[in-house]
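Visitor: Can you read through this structure? Questions will come right after.
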Number of protein chains: 2
Amino acid sequence: MSSDRLIYLPLGGAGEIGMNAYVYGYGPAGRERYILVDIGVTFPDMDTTPGVDLILPDVGWLAERADRLDAIVITHAHEDHIGALGRVWQRLRAPVYARSFTGHLARMKMEEAGLDPTNVRTVGAWPETFDAGPFTLSFLPVSHSIPESAGLVIDTPAGRVIHSGDFKIDVTPVVGEPFDEALWSDAAAPGVRALMCDSTNVFSHHPGRSEATLGDDIRDLVAGCGGLVAATTFASNVARLKTLAEAGRAAGRSIVLLGRAMNRMVQAAVDTGVLTDFPGVVTPEEAQSIPRENLMLLVTGSQGERRAAAAQLSRGKYLGLELKPGDLFLFSSKTIPGNERSVTRIVNNLSEMGVDVVDDGDQRYHVSGHANRPDLARMHQLIDPDMVIPMHGEHRHLRAHAALAEEMQRAAIIAPNGSMVDLSGDAPRIVEHIETGRIYLDGAVQIGALDGVVRDRIRMALNGHVLVTVILDEDDEAIGEPWCEVMGLAETTRSNAPLADVLEADLDQFLGRADAKTRRNDDKLDEALRRVVRQTAQNEIGKKPEVTVVISRIS
Amino acid sequence: MSSDRLIYLPLGGAGEIGMNAYVYGYGPAGRERYILVDIGVTFPDMDTTPGVDLILPDVGWLAERADRLDAIVITHAHEDHIGALGRVWQRLRAPVYARSFTGHLARMKMEEAGLDPTNVRTVGAWPETFDAGPFTLSFLPVSHSIPESAGLVIDTPAGRVIHSGDFKIDVTPVVGEPFDEALWSDAAAPGVRALMCDSTNVFSHHPGRSEATLGDDIRDLVAGCGGLVAATTFASNVARLKTLAEAGRAAGRSIVLLGRAMNRMVQAAVDTGVLTDFPGVVTPEEAQSIPRENLMLLVTGSQGERRAAAAQLSRGKYLGLELKPGDLFLFSSKTIPGNERSVTRIVNNLSEMGVDVVDDGDQRYHVSGHANRPDLARMHQLIDPDMVIPMHGEHRHLRAHAALAEEMQRAAIIAPNGSMVDLSGDAPRIVEHIETGRIYLDGAVQIGALDGVVRDRIRMALNGHVLVTVILDEDDEAIGEPWCEVMGLAETTRSNAPLADVLEADLDQFLGRADAKTRRNDDKLDEALRRVVRQTAQNEIGKKPEVTVVISRIS
């Protein structure tokens, strides 16, 4: 009897939407060989991660076992699946496998990070397979909102696992392979031990809609506009770009791509043969000599990103182009929860310019790339696995998805990040909890989410910051008076005195009566001065600021 | 011929949802007598106003003319219409008029601010009127999501104006007066010069639904739960509280009110006779001896507020009560855009506890308190005014609402905050732009939105903060080495050295070679040291921090 086991361990993506990173392992407990499926990022926000550039999964656990990691497999090129590749590869150093379009972008990530792009190996789709340690894998094409998305067939000595990747069931996806039920059935035919399944849209109760359903409405909208049309969507949604561009062409408009990601994605799709017969584009310079009613801009920034093209256009001229009354701006996109304020700011700016804004309010100009609840049920039926492990979703999504599987009489488990699940038995079983977490890319360095750096930033933002400088002589007597600098606090108190003056007077008074023991001891003095500042500020402005004390001793 | 004119001037609410404050004036240009309709607040967020407690409209323009202000009129007791009363009354000092329930809460606001509550005068509804300078006013009852909401009939020498207030068209509102079409027709019968009209729901295309439509679904949901039920909604939505409480009573549950606002609103509604036969409530202490399947909690915090009851319950025990698997948590509310992350955090916490969460996803447990697009059109027709002035909404709402009025062949104008509109002519006309803005209540003091205080907080949150202390002797020579304290920045650089050490070394080196002129001049030296810190930090960690330099000179 073998004591080998098959395990599944999410390091990211199970407990959030974003930052996908799933480990599979096979072998004797504690000595398994591993593969990592996807290595994505998630995006910071001002509420919890001000100043942070990107959020990466903490792959520390896997890095310690990198000698047993046989492959990194990327299902598709969305940032929440590929974005951390260049940032963590150095710690993992395993070959990277992807399909052509995804591999193309993966190589760019590696190059940008100064890593050797030949570590990325392009692999064909099912029935082509590749081996990685005890695993034999195959990319199973699936429809999603980016070209060449794939699920994975993962054959292990303990049986077959299917990893859905992000997917929807779309038989007319405009660009790329339609969802091929026969293909997925074939893959499932030998029997499937476990289905790891996308959970993001489990709360959407209606069946998903095809990308192709948008063409007519978008064409009518674009044709009906007498001015310039600008449209935004995720740059990676190449099918949508094609639909939009074709609507423009049909209305006699020249297409302009605005924004780095937009140009890069279209180029990648053309270079890898994914995108054919995309209407010819003109440059922003060329556009300036074309009448505005003959122009259509495809722009980045559907989520309200401050520096993307949409936001720039909403603030005025961008690359010589400017929106005017009578123009139309289309959000062919959904606002991701949390981005509402940024998107709304753009809409209101455009409204002030007299531009008509159309969004997805009546669901005519956007469809989701994920499987809704009925489509998830259909996938469960199609694959007919022994067990369903919901992945990619917040806890509420995982929980609802597990409940759906159980309603359909299948074993399921809620396995949030760090849950090591043994898939070898009759039912999934959590055998260990691994410490996982988040790493912040902050400027050029990576910092741990629990390092306290970001906590300090949030505290300064909420409470302001007071700096106290005190200089003492060798007898611990103050030289001059304490000095305060105040940042992020009201300058004047409720009695209309300058706050810094009031603080300095109270600090001076305190120093005058402080006992020798306190004056002699830096820690004690620091603590006491800090307390004076916080108490005085509380009295004077009703806030307790962060305080930094610098005590200089001159001998 | 009189040169008197009738003007309208929004100081808040026209350009945002929240912070309503509308001035009407009548008299010779520049010497009008005024009334102020509503004086609300809006709420801060981490993105733009970290650490701020409340946002108030800047009433500076009106305060300078307070001797000509004859009345402050409050249409209803929502915070975005009444919340700033106690904070700005001192600067305006005019009598406050409101209906009974609203007046009750207005007096509490005054008392909390240490102001005389007898400045608030309770007035009956239409046909009762009251005079304020050249204006004769009457409260016109209207359905909304708080008791005793009212529109205003404002009679002026230039004709009648109707100010809708926040409203919906609901003939079965559960608590309070049904929308009475005959009443509004009566008020409009003599002819109406201008309708100032709520715009918040102009993008909702279906007719609004009545509060009464929720009863059955809520009753079924509560009856179907085998554990404890907790439900949250805005505390001021007394009708909803009643519907929820009655569903609880029907299922044999005792009602517990959790959260200060919840208790306060129910009390105010009972005290003013607005709310009758509300099911008896038990205290949290009493609840602990009642089986959980016989309990229903009505809790504050539907918007995810960190310190409200919903968030507290999602983090663990609150006042001795704790949620468990099998319990149900109902959001009988809509998440206001911008609050999604906070609400989602609670939902995921509850999910981890095994609590079933039901929200308004399928629109069975909440209805809006505002008039949707078809209801706005109906109101326009009912009042049949010469002109429509959209109010209460972001720019995009005002614009769409003006377009709706124009589609129906009525004069309309987009008048954002600060637009003084002359209503005396055939069509509305903007005659002046007044400087308006926002005041932040920050702890115990008020600060201007443009004072730079909050900007500094945001900068510290994004960039971190470095403090540099340098002590110079009378010859401008450094005593000891420069000292750095770092807050909100990575402690170690990309080469793994302590950041503070690297900064100090570079500062020391700089000081060693700085010329006498720089060392002698505080401003020059400050600037130079700041530049060194920013450059070094950029090289070492890829960020340019905020820098505060303290130069001490010892003689």
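Naming scheme: A, B, ... for chains in displayed order of the structure tokens; residues 1 onward per chain; ligands 1 onward as shown.
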Can you tell me, as a PyMOL selection string, which residues in segment 290-497 of chain A count as alpha helix (DSSP H) by DSSP?
Guide: chain A and resi 309-315+340-353+373-383+395-407+453-463
Visitor: Please report, as JSON, numbers by chain, each residue of segment 277-323 of chain B to which DSSP assigns strand (DSSP E or B) when run on this structure's backbone.
Guide: {"B": [281, 295, 296, 297, 298, 299, 318, 321]}
Visitor: Grab the atom CA of Ile162 of chain A to atom CA of Glu79 of chain A distance for me, in Å with one decimal place.
Guide: 21.9 Å
Visitor: Of the candidates B:Glu32, B:Glu148, B:Glu474, B:Glu481, which one gets nearest to Ala125 of chain B if we count only C-alpha atoms?
Guide: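 Among B:Glu32, B:Glu148, B:Glu474, B:Glu481, it is B:Glu148 that comes nearest to Ala125 of chain B.
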Visitor: Tell me which protein, DNA and RNA residues are within 10 Å of Met196 of chain A, counting only C-alpha atoms, leaving out same-chain ones fewer than 3 positions away, and put them as a list in words.
Guide: Tyr8, Tyr22, Gly151, Leu152, Val161, Ile162, His163, Ser164, Gly165, Ser199, His380, Pro385, Met387, Val388, Ile389, Pro390, Met391, His392 and Ala412 of chain A
Visitor: Give me the residues near Ser3 of chain B as a PyMOL selection string, where near means some atom within 9 Å (using only C-alpha atoms) and where sequence neighbours in that chain fewer than 3 positions away do not count.
Guide: chain B and resi 27-29
Visitor: For atom CA of Pro178 of chain B and atom CA of Ser143 of chain B, determine how far apart the two atoms are, in Å to one decimal place.
Guide: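 We find that atom CA of Pro178 of chain B and atom CA of Ser143 of chain B lie 5.9 Å from each other.
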Visitor: When distances are computed from only C-alpha atoms, which of A:Asn119, A:Gln538, A:Ser333, A:Gln303 shows the smallest separation from chain B?
Guide: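 Answer, going by the shortest atom-to-atom distance: A:Gln538.
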Visitor: If you count only C-alpha atoms, which residues fall within 7 Å of Glu394 of chain B, apart from same-chain ones fewer than 2 positions away, as a ChimeraX atom specification?
Guide: /A:348 /B:14-17,396-398
Visitor: Would you output that residue set with N, CA, C and O atoms, as a CSV table (one decimal), in the first residue's frame?
Guide:
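Contents of the output file out25.csv:
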chain,number,residue,atom,x,y,z
A,348,ASN,N,-18.8,61.9,-13.9
A,348,ASN,CA,-19.2,63.2,-13.6
A,348,ASN,C,-18.4,64.3,-14.4
A,348,ASN,O,-18.9,65.3,-14.8
B,14,ALA,N,-26.1,69.7,-5.0
B,14,ALA,CA,-26.2,69.8,-6.5
B,14,ALA,C,-24.8,69.6,-7.0
B,14,ALA,O,-24.1,70.5,-7.3
B,15,GLY,N,-24.5,68.3,-7.2
B,15,GLY,CA,-23.1,68.0,-7.6
B,15,GLY,C,-22.6,66.8,-6.8
B,15,GLY,O,-21.5,66.4,-6.9
B,16,GLU,N,-23.5,66.3,-5.9
B,16,GLU,CA,-23.2,65.2,-5.0
B,16,GLU,C,-24.5,64.6,-4.5
B,16,GLU,O,-25.5,65.3,-4.5
B,17,ILE,N,-24.4,63.4,-4.0
B,17,ILE,CA,-25.5,62.9,-3.3
B,17,ILE,C,-25.2,63.0,-1.8
B,17,ILE,O,-24.2,62.4,-1.4
B,396,ARG,N,-23.9,64.0,-13.1
B,396,ARG,CA,-24.5,63.1,-14.1
B,396,ARG,C,-26.0,63.0,-13.9
B,396,ARG,O,-26.8,62.8,-14.8
B,397,HIS,N,-26.4,63.0,-12.6
B,397,HIS,CA,-27.8,62.9,-12.3
B,397,HIS,C,-28.5,64.2,-12.7
B,397,HIS,O,-29.6,64.1,-13.3
B,398,LEU,N,-28.0,65.3,-12.4
B,398,LEU,CA,-28.6,66.6,-12.8
B,398,LEU,C,-28.7,66.7,-14.3
B,398,LEU,O,-29.8,67.1,-14.8
Visitor: Kindly give the distance, in Å, that separates atom CA of Lys543 of chain A and atom CA of Gly12 of chain B, rounded to a single decimal.
Guide: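 Those two atoms sit 26.7 Å apart.
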Visitor: Determine, counting only C-alpha atoms, which protein, DNA and RNA residues have an atom within 9 Å of an atom of Gly224 of chain B; residues of the same chain fewer than 4 positions away are not included. Present the result as a PDB file with N, CA, C and O atoms, in the first residue's frame.
Guide:
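Written file, result-v7.pdb:
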ATOM      1  N   ARG B 219     -41.343  38.387   5.774  1.00  0.00           N
ATOM      2  CA  ARG B 219     -42.008  37.488   6.718  1.00  0.00           C
ATOM      3  C   ARG B 219     -41.614  36.032   6.429  1.00  0.00           C
ATOM      4  O   ARG B 219     -41.256  35.276   7.340  1.00  0.00           O
ATOM      5  N   ASP B 220     -41.650  35.647   5.168  1.00  0.00           N
ATOM      6  CA  ASP B 220     -41.301  34.260   4.802  1.00  0.00           C
ATOM      7  C   ASP B 220     -39.850  33.945   5.155  1.00  0.00           C
ATOM      8  O   ASP B 220     -39.539  32.867   5.661  1.00  0.00           O
ATOM      9  N   ALA B 251     -43.166  35.440  13.700  1.00  0.00           N
ATOM     10  CA  ALA B 251     -42.444  34.168  13.824  1.00  0.00           C
ATOM     11  C   ALA B 251     -42.136  33.854  15.287  1.00  0.00           C
ATOM     12  O   ALA B 251     -41.295  32.991  15.569  1.00  0.00           O
TER      13      ALA B 251
END
Visitor: If the cut-off is 7 Å, can you tell me the residues of chain A near chain B, counting only C-alpha atoms? I'd like them as a ChimeraX atom specification.
Guide: /A:46-47,50-51,337-338,340-341,347-348,351-352,394-396,443-445,447,453-454,456-458,460-464,487-490,494,541-543
Visitor: Determine, counting only C-alpha atoms, which protein, DNA and RNA residues have an atom within 12 Å of an atom of Ala245 of chain B; residues of the same chain fewer than 5 positions away are not included. Present the result as an NGL selection string.
Guide: :B and (215 or 218-219 or 222 or 229-233 or 238-240 or 250-257 or 266 or 277-282 or 295-299)
